[in-house]
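Below is one structure, written out as structure tokens, with a few remarks after it.
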Amino acid sequence: MNYGYVGKCARINLSTGDITIADTPEDLMENYLGGNGFGAKILWDETGPETDPLSPENRLIVATGPICGTFVPNAGRVEFVFKSPLTGIYGDSNSGGFLGPELKFAGFDFLVILGKASSPVYLHVEDGRIGLKDASHLWGEDAVKTEELIRKELGDEDVKCATIGPAGENLVRYACINVSVQRQAGRSGGGAVMGSKNLKAIAVRGHGPVCIADPKRFYEVAVRLKKLIMEDEFYPAVSAYGTPGIVSLMNIIGRFPTKNFQRGDFPYADEINAEALRENHFVKDIACYACPIACDKIYGVFKGPYAGAVTRSFEYETLGSYGAGIWNRDLPSIIALGDLCDRLGLDSISAGRAVGFAMELFEKGIITKKDTGGLDLTWGNVESAMTLTKMIAKREGFGAVLAEGVRRASRAIGKGAEYYAMEVKGQEIAAQDGRAQQSMGLAHVTSNRGADHLKAFPTIDETGYPSQAVRRYGEQYLPELVDPQATKYKAWVVKDGEDFAAVVDSSGNCKSGGTFVLAQVYWSEMAEAISAATGRNLTSDDLKEIGERIYNLQRCYNVLCGISSKDDTLPKRLLEEPSPSGKAKGQVARIHEMLPEYYALRGWDPETGRPKKETLKRLGLEFCIDRGAAS
Amino acid sequence: MFLYIDPSKCTGCMLCEAFCSFKKEGAIWPSKSRITVLKWEEKAAFIPFTCLQCERPLCAEACPVGAISRDSKTGAMVVNEKRCLGCKTCVLACPFGGINFDEEKGYVVKCDLCGGDPECAKQCPKGAISFVHPDRMAPKKKREAAAKITSLLEVVAPVKKEEGEVA
């Protein structure tokens with residue numbers, strides 16, 4: 001009998017059509033927990049530095065965790081792990097919606113997809129059975145429409161899908177995976193991995209149970225956590241506004257990247273903030289599986305040139321990348337651009353950043369209308385942004401250059417363009433400026449999938465949340481811990497956040513729910529919930545070790561792929577150009593004040609950035625030493 | 001008392017299904033839930049649907065062995081599992097899909113209002129499902145509808161404030 005987990009996994013070889021179903025390996029459950037951890041271990045075992053991310057040899061691991069599909073609040077996440085075509089290193093992306101729970105109701109903890117189909121297919125998973133279906137007629141369809149068409153074709157409104165759009169088909173290196181209509185596993189280019197495999201979609205339907213080891217205790221824990229979340233002081237705001245709620249706050253602290261990170265404050269932020277959204281564009285609150293918050297909203301444009309645009313999962317990030325990032329104060333156009341990215345199947349962070357990067361090159365005269373095929377890329381030119389985004393998805397003209405990501409694009413363009421490529425390890429930086437929040441700068445640098453806020457997700461010191469900080473870490477770390485400009489304790493906050501996020505992403509729980517955004521659910525609460533669900537007696541310390549193990553394994557994979565301490569850095573602009581205006585005026589990102597402490601806390605060699613042998617031995621990762629990843 | 005469902009408040013989170021199935025089946029098992037959130041994802045229309053505990057219960061009328069009867073305490077139509085033949089006539093008779101046959105059990109299952117303390121209403125985070133008395137329902141609904149006429153409230157509010165200041 002399986003508890004928490006449903007006990008089965010499947011391997012699908014698209015080249016041969018072979019599909020094998022097996023028991024979920026005990027070693028994975030015990031040492032890697034689920035989702036993120038499962039994916040990291042399988043990727044480590046089956047791929048390596050020699051694997052071309054867009055070749056049949058790459059793996060796409062779709063994994064759930066032990067509390068995914070239960071009623072622990074926010075436990076509806078699914079994890080996609082693959083070698084990233086954008087960064088060439090470990091890649092992952094996580095999504096809410098309903099796909100993860102449905103996969104468990106269908107009887108699977110995870111799927112491993114490899115090979116390449118000879119023509120477009122989609123995977124059909126239903127109640128323990130898996131088949132491949134022709135997707136020739138869906139190829140070229142937009143990612144959102146594809147899910148609707150599959151539901152119709154299968155004659156079941158309750159089928160849940162992961163799909164790709166034209167960007168994934170055209171192997172745009174930051175193509176996303178669309179999940180449950182219009183939610184996204186956005187980062188790292190999973191959509192291109194699916195495209196390279198001729199895999200248009202994964203359709204899942206299940207009618208089975210997720211069983212619980214200790215029902216009485218589990219119920220008590222889940223109901224208590226739900227109450228904690230709903231009584232949190234920030235619940236009403238997060239519930240009403242979702243992530244766009246922080247636009248104004250981030251602008252006030254100078255952490256809202258504007259004009260491709262030239263500055264951290266956008267003078268027109270009030271025109272694109274949550275209040276403006278809610279007032280003019282709000283349609284409906286919608287929730288992911290088991291979520292009492294419903295931070296997701298449907299927003300629509302009702303008049304003007306973009307009338308008819310509708311979007312969901314419209315986040316702070318898109319308001320950053322396609323708003324302030326390209327000097328665009330026209331909110332309806334940002335909604336339309338978000339909708340466009342979803343349909344084309346583009347990560348709206350990387351895509352918006354690519355457009356912003358191009359606009360800055362245009363401003364600096366590094367590229368001209370001759371390079372852009374006549375497009376006027378002046379800051380804020382919305383129509384050009386729209387056209388360029390479509391060109392990226394289709395790899396047309398200058399779009400083909402940007403479809404490679406800003407790192408590769410900047411190298412192809414040359415003439416000093418590299419300076420304006422705002423990326424770490426090849427991943428475009430999301431809407432945070434490390435000059436305004438020191439811990440976030442470090443988080444971008446140490447994230448295993450390249451620049452990203454969601455690996456360490458340091459939220460406590462964004463604007464300073466003392467009550468949350470005291471609850472989570474204790475009084476003794478104040479005031480530095482909540483001071484965004486202080487570097488003291490931040491290495492530890494980032495390291496702890498990374499380990500905790502690895503566990504959350506492995507459990508099936510959500511980082512935008514009670515674990516980070518509302519900071520109510522921490523190690524002990526996660527340990528209680530997972531233990532009651534699985535019947536494994538896990539303590540906070542056990543989970544910390546699992547988190548560390550997962551994070552170190554991903555780092556070792558990156559080491560094999562050539563990553564070293566010299567890659568743990570930010571673009572020069574953030575290190576050397578002081579923020580020119582706003583609250584962070586005069587500040588630079590001081591990652592070098594924190595990195596030595598970070599490496600020490602991690603047990604990594606500060607010179608090479610590789611995990612030390614004793615660290616890997618302590619975590620049971622001796623096999624990483626054998627493969628040459630240790631210092 | 002009856003379950004009053006307001007689809008405009010439903011966010012589609014499925015917590016009602018998860019909790020209902022857990023209470024009734026001991027596992028998180030939405031397909032066995034007595035309440036189902038009907039979804040039209042593209043339209044973002046979510047409607048929680050369950051047995052309406054009809055005053056003229058066609059399920060009971062259709063049952064050839066009288067296995068379905070009203071619980072006088074809760075008002076719920078309940079199934080006598082021992083008496084149920086598993087003939088599924090009630091499933092055919094119900095116009096709403098409010099009663100279903102459980103293959104493993106061999107008898108029909110339906111919402112029994114959890115003996116007067118329905119779990120779905122207790123766990124719904126957005127108040128889309130409430131367990132209410134008919135007499136108190138109409139005023140509640142009227143008040144909610146009236147609150148949407150914001151212009152009215154805005155006219156009244158300043159007057160009240162002035163009164164408060166005088167007092």
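Every chain in the structure tokens has a letter given in the order shown (A, B, ...), and although residue numbers restart at 1 in each chain, ligands are simply numbered from 1 in the order shown.
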Exercise for the section: Could you tell me, as a VMD selection string, which residues of range 6-70 of chain B DSSP assigns to strand (DSSP E) when given the backbone? Expected result: chain B and resid 27 to 28 36 to 40 45 to 49 68 to 70
For the residues in the current selection, export N, CA and C atoms as a short mmCIF file (atom, residue, chain, number, x, y, z; two decimals), in the first residue's frame.
data_model
loop_
_atom_site.label_atom_id
_atom_site.label_comp_id
_atom_site.auth_asym_id
_atom_site.auth_seq_id
_atom_site.Cartn_x
_atom_site.Cartn_y
_atom_site.Cartn_z
N ALA B 27 -9.80 8.71 1.73
CA ALA B 27 -8.67 9.02 0.86
C ALA B 27 -9.03 10.27 0.07
N ILE B 28 -8.04 10.93 -0.48
CA ILE B 28 -8.33 12.08 -1.33
C ILE B 28 -8.62 11.52 -2.72
N THR B 36 -19.18 17.82 -6.77
CA THR B 36 -18.28 17.92 -7.92
C THR B 36 -18.26 19.37 -8.40
N VAL B 37 -17.05 19.87 -8.59
CA VAL B 37 -16.95 21.21 -9.17
C VAL B 37 -16.95 21.04 -10.69
N LEU B 38 -18.07 21.40 -11.28
CA LEU B 38 -18.14 21.31 -12.74
C LEU B 38 -17.36 22.46 -13.31
N LYS B 39 -16.50 22.13 -14.27
CA LYS B 39 -15.59 23.17 -14.77
C LYS B 39 -15.70 23.33 -16.27
N TRP B 40 -15.73 24.57 -16.66
CA TRP B 40 -15.54 24.91 -18.07
C TRP B 40 -14.31 25.81 -18.08
N ALA B 45 -15.64 29.03 -15.80
CA ALA B 45 -16.90 28.86 -15.09
C ALA B 45 -16.77 27.63 -14.21
N PHE B 46 -16.97 27.83 -12.91
CA PHE B 46 -16.86 26.73 -11.96
C PHE B 46 -18.17 26.65 -11.17
N ILE B 47 -18.81 25.49 -11.21
CA ILE B 47 -20.06 25.34 -10.49
C ILE B 47 -20.03 24.09 -9.62
N PRO B 48 -19.91 24.28 -8.30
CA PRO B 48 -19.96 23.11 -7.42
C PRO B 48 -21.37 22.52 -7.46
N PHE B 49 -21.46 21.24 -7.66
CA PHE B 49 -22.76 20.61 -7.85
C PHE B 49 -22.87 19.36 -6.99
N ILE B 68 -34.09 4.57 -0.28
CA ILE B 68 -33.72 5.98 -0.10
C ILE B 68 -34.82 6.69 0.66
N SER B 69 -34.44 7.32 1.75
CA SER B 69 -35.46 8.00 2.55
C SER B 69 -34.88 9.28 3.16
N ARG B 70 -35.76 10.12 3.67
CA ARG B 70 -35.29 11.38 4.23
C ARG B 70 -34.90 11.21 5.69
#
Practice task
Compile the residues of chain B that lie within 9 Å of chain A, evaluated using only C-alpha atoms, and express the compilation as a list in words.
Solution key: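 Every residue meeting the condition is included here: Ser8, Lys9, Cys10, Thr11, Gly12, Cys13, Met14, Leu15, Cys16, Ala18, Phe19, Phe22, Gly26, Ala27, Ile28, Trp29, Pro30, Ser31, Lys32, Leu38, Lys39, Trp40, Glu41, Glu42, Ala44, Gln123, Cys124, Pro125 and Lys126 of chain B.
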Would you export the selected residues with N, CA and C atoms as a CSV table (one decimal), in the first residue's frame, please?
chain,number,residue,atom,x,y,z
B,8,SER,N,-20.5,32.2,-8.3
B,8,SER,CA,-19.7,33.4,-8.5
B,8,SER,C,-18.5,33.5,-7.5
B,9,LYS,N,-18.7,32.8,-6.4
B,9,LYS,CA,-17.6,32.9,-5.4
B,9,LYS,C,-16.6,31.7,-5.6
B,10,CYS,N,-17.0,30.7,-6.4
B,10,CYS,CA,-16.1,29.5,-6.5
B,10,CYS,C,-14.9,29.8,-7.4
B,11,THR,N,-13.7,29.5,-6.8
B,11,THR,CA,-12.5,29.7,-7.6
B,11,THR,C,-12.0,28.4,-8.3
B,12,GLY,N,-12.7,27.4,-8.1
B,12,GLY,CA,-12.3,26.1,-8.7
B,12,GLY,C,-11.2,25.3,-8.1
B,13,CYS,N,-11.0,25.6,-6.8
B,13,CYS,CA,-9.8,25.0,-6.1
B,13,CYS,C,-10.0,23.5,-5.8
B,14,MET,N,-11.2,23.0,-5.8
B,14,MET,CA,-11.5,21.6,-5.6
B,14,MET,C,-11.3,21.1,-4.1
B,15,LEU,N,-11.1,22.1,-3.2
B,15,LEU,CA,-10.9,21.6,-1.8
B,15,LEU,C,-12.2,20.9,-1.3
B,16,CYS,N,-13.3,21.3,-1.8
B,16,CYS,CA,-14.6,20.6,-1.4
B,16,CYS,C,-14.5,19.2,-1.8
B,18,ALA,N,-11.9,17.3,-2.4
B,18,ALA,CA,-10.8,16.6,-1.7
B,18,ALA,C,-11.3,16.3,-0.3
B,19,PHE,N,-11.9,17.3,0.4
B,19,PHE,CA,-12.3,17.0,1.8
B,19,PHE,C,-13.5,16.1,1.8
B,22,PHE,N,-12.4,12.6,1.3
B,22,PHE,CA,-11.6,12.1,2.5
B,22,PHE,C,-12.5,11.7,3.6
B,26,GLY,N,-12.1,8.1,3.1
B,26,GLY,CA,-10.8,8.0,3.8
B,26,GLY,C,-9.6,8.2,2.9
B,27,ALA,N,-9.8,8.7,1.7
B,27,ALA,CA,-8.7,9.0,0.9
B,27,ALA,C,-9.0,10.3,0.1
B,28,ILE,N,-8.0,10.9,-0.5
B,28,ILE,CA,-8.3,12.1,-1.3
B,28,ILE,C,-8.6,11.5,-2.7
B,29,TRP,N,-9.9,11.6,-3.1
B,29,TRP,CA,-10.3,10.8,-4.2
B,29,TRP,C,-11.5,11.6,-4.9
B,30,PRO,N,-11.2,12.7,-5.6
B,30,PRO,CA,-12.2,13.5,-6.2
B,30,PRO,C,-13.3,12.8,-7.0
B,31,SER,N,-12.9,11.7,-7.7
B,31,SER,CA,-14.0,11.1,-8.5
B,31,SER,C,-15.0,10.4,-7.6
B,32,LYS,N,-14.7,10.2,-6.3
B,32,LYS,CA,-15.7,9.6,-5.4
B,32,LYS,C,-16.4,10.7,-4.5
B,38,LEU,N,-18.1,21.4,-11.3
B,38,LEU,CA,-18.1,21.3,-12.7
B,38,LEU,C,-17.4,22.5,-13.3
B,39,LYS,N,-16.5,22.1,-14.3
B,39,LYS,CA,-15.6,23.2,-14.8
B,39,LYS,C,-15.7,23.3,-16.3
B,40,TRP,N,-15.7,24.6,-16.7
B,40,TRP,CA,-15.5,24.9,-18.1
B,40,TRP,C,-14.3,25.8,-18.1
B,41,GLU,N,-13.2,25.2,-18.2
B,41,GLU,CA,-11.9,25.9,-17.9
B,41,GLU,C,-11.7,27.1,-18.8
B,42,GLU,N,-12.0,27.0,-20.1
B,42,GLU,CA,-11.8,28.1,-21.0
B,42,GLU,C,-12.6,29.3,-20.6
B,44,ALA,N,-13.6,29.7,-17.6
B,44,ALA,CA,-13.4,29.9,-16.1
B,44,ALA,C,-14.7,29.9,-15.4
B,123,GLN,N,-15.1,23.7,4.7
B,123,GLN,CA,-13.8,23.8,4.2
B,123,GLN,C,-13.7,24.8,3.0
B,124,CYS,N,-14.8,25.2,2.4
B,124,CYS,CA,-14.7,26.1,1.3
B,124,CYS,C,-14.0,27.4,1.7
B,125,PRO,N,-12.9,27.8,1.1
B,125,PRO,CA,-12.2,29.0,1.6
B,125,PRO,C,-12.8,30.3,1.2
B,126,LYS,N,-13.7,30.2,0.2
B,126,LYS,CA,-14.2,31.5,-0.3
B,126,LYS,C,-15.7,31.7,0.0
Practice task
Going by DSSP on the backbone, which bits of range 173-330 of chain A are alpha helix (DSSP H)? Write them as a ChimeraX atom specification, please.
Solution key: /A:190-196,215-230,235-241,247-252,274-281,316-321
Practice task
Tell me, as number ranges by chain, which residues lie within 8 Å of range 604-610 of chain A, counting only C-alpha atoms; anything in the same chain fewer than 6 positions away does not count.
Solution key: A: 555-556, 559, 564-566, 596, 629-631
Write to file, as a short mmCIF file (atom, residue, chain, number, x, y, z; two decimals), in the first residue's frame, the residues of the selection just made, with N, CA and C atoms.
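For reference, out04.cif as written:
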data_model
loop_
_atom_site.label_atom_id
_atom_site.label_comp_id
_atom_site.auth_asym_id
_atom_site.auth_seq_id
_atom_site.Cartn_x
_atom_site.Cartn_y
_atom_site.Cartn_z
N ARG A 555 23.92 21.08 -8.31
CA ARG A 555 25.18 21.81 -8.48
C ARG A 555 26.23 20.90 -9.12
N CYS A 556 26.27 19.66 -8.67
CA CYS A 556 27.25 18.71 -9.23
C CYS A 556 26.98 18.50 -10.72
N VAL A 559 28.38 21.39 -12.37
CA VAL A 559 29.85 21.31 -12.39
C VAL A 559 30.30 20.43 -13.56
N SER A 564 31.58 26.78 -12.80
CA SER A 564 32.49 26.95 -11.67
C SER A 564 32.17 28.27 -10.99
N SER A 565 32.96 28.60 -9.96
CA SER A 565 32.70 29.82 -9.19
C SER A 565 32.70 31.06 -10.09
N LYS A 566 33.44 31.01 -11.20
CA LYS A 566 33.46 32.22 -12.03
C LYS A 566 32.14 32.46 -12.77
N PRO A 596 31.67 34.27 -0.25
CA PRO A 596 32.54 33.38 0.54
C PRO A 596 31.78 32.69 1.66
N ALA A 629 32.73 15.39 -9.83
CA ALA A 629 32.11 16.69 -9.61
C ALA A 629 32.64 17.39 -8.35
N ALA A 630 33.39 16.66 -7.52
CA ALA A 630 33.84 17.26 -6.25
C ALA A 630 35.09 18.10 -6.47
N SER A 631 35.39 18.93 -5.47
CA SER A 631 36.58 19.80 -5.59
C SER A 631 37.83 18.97 -5.35
#
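Distances to His133 in chain B were evaluated for B:Ser72, B:Met1, B:Glu81, B:Ser33 using only C-alpha atoms, and the minimum falls at B:Met1.
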Problem - Coordinates-based distance that separates CA of Asp347 in chain A from CA of Asp376 in chain A (Å, one decimal) - result: 23.1 Å
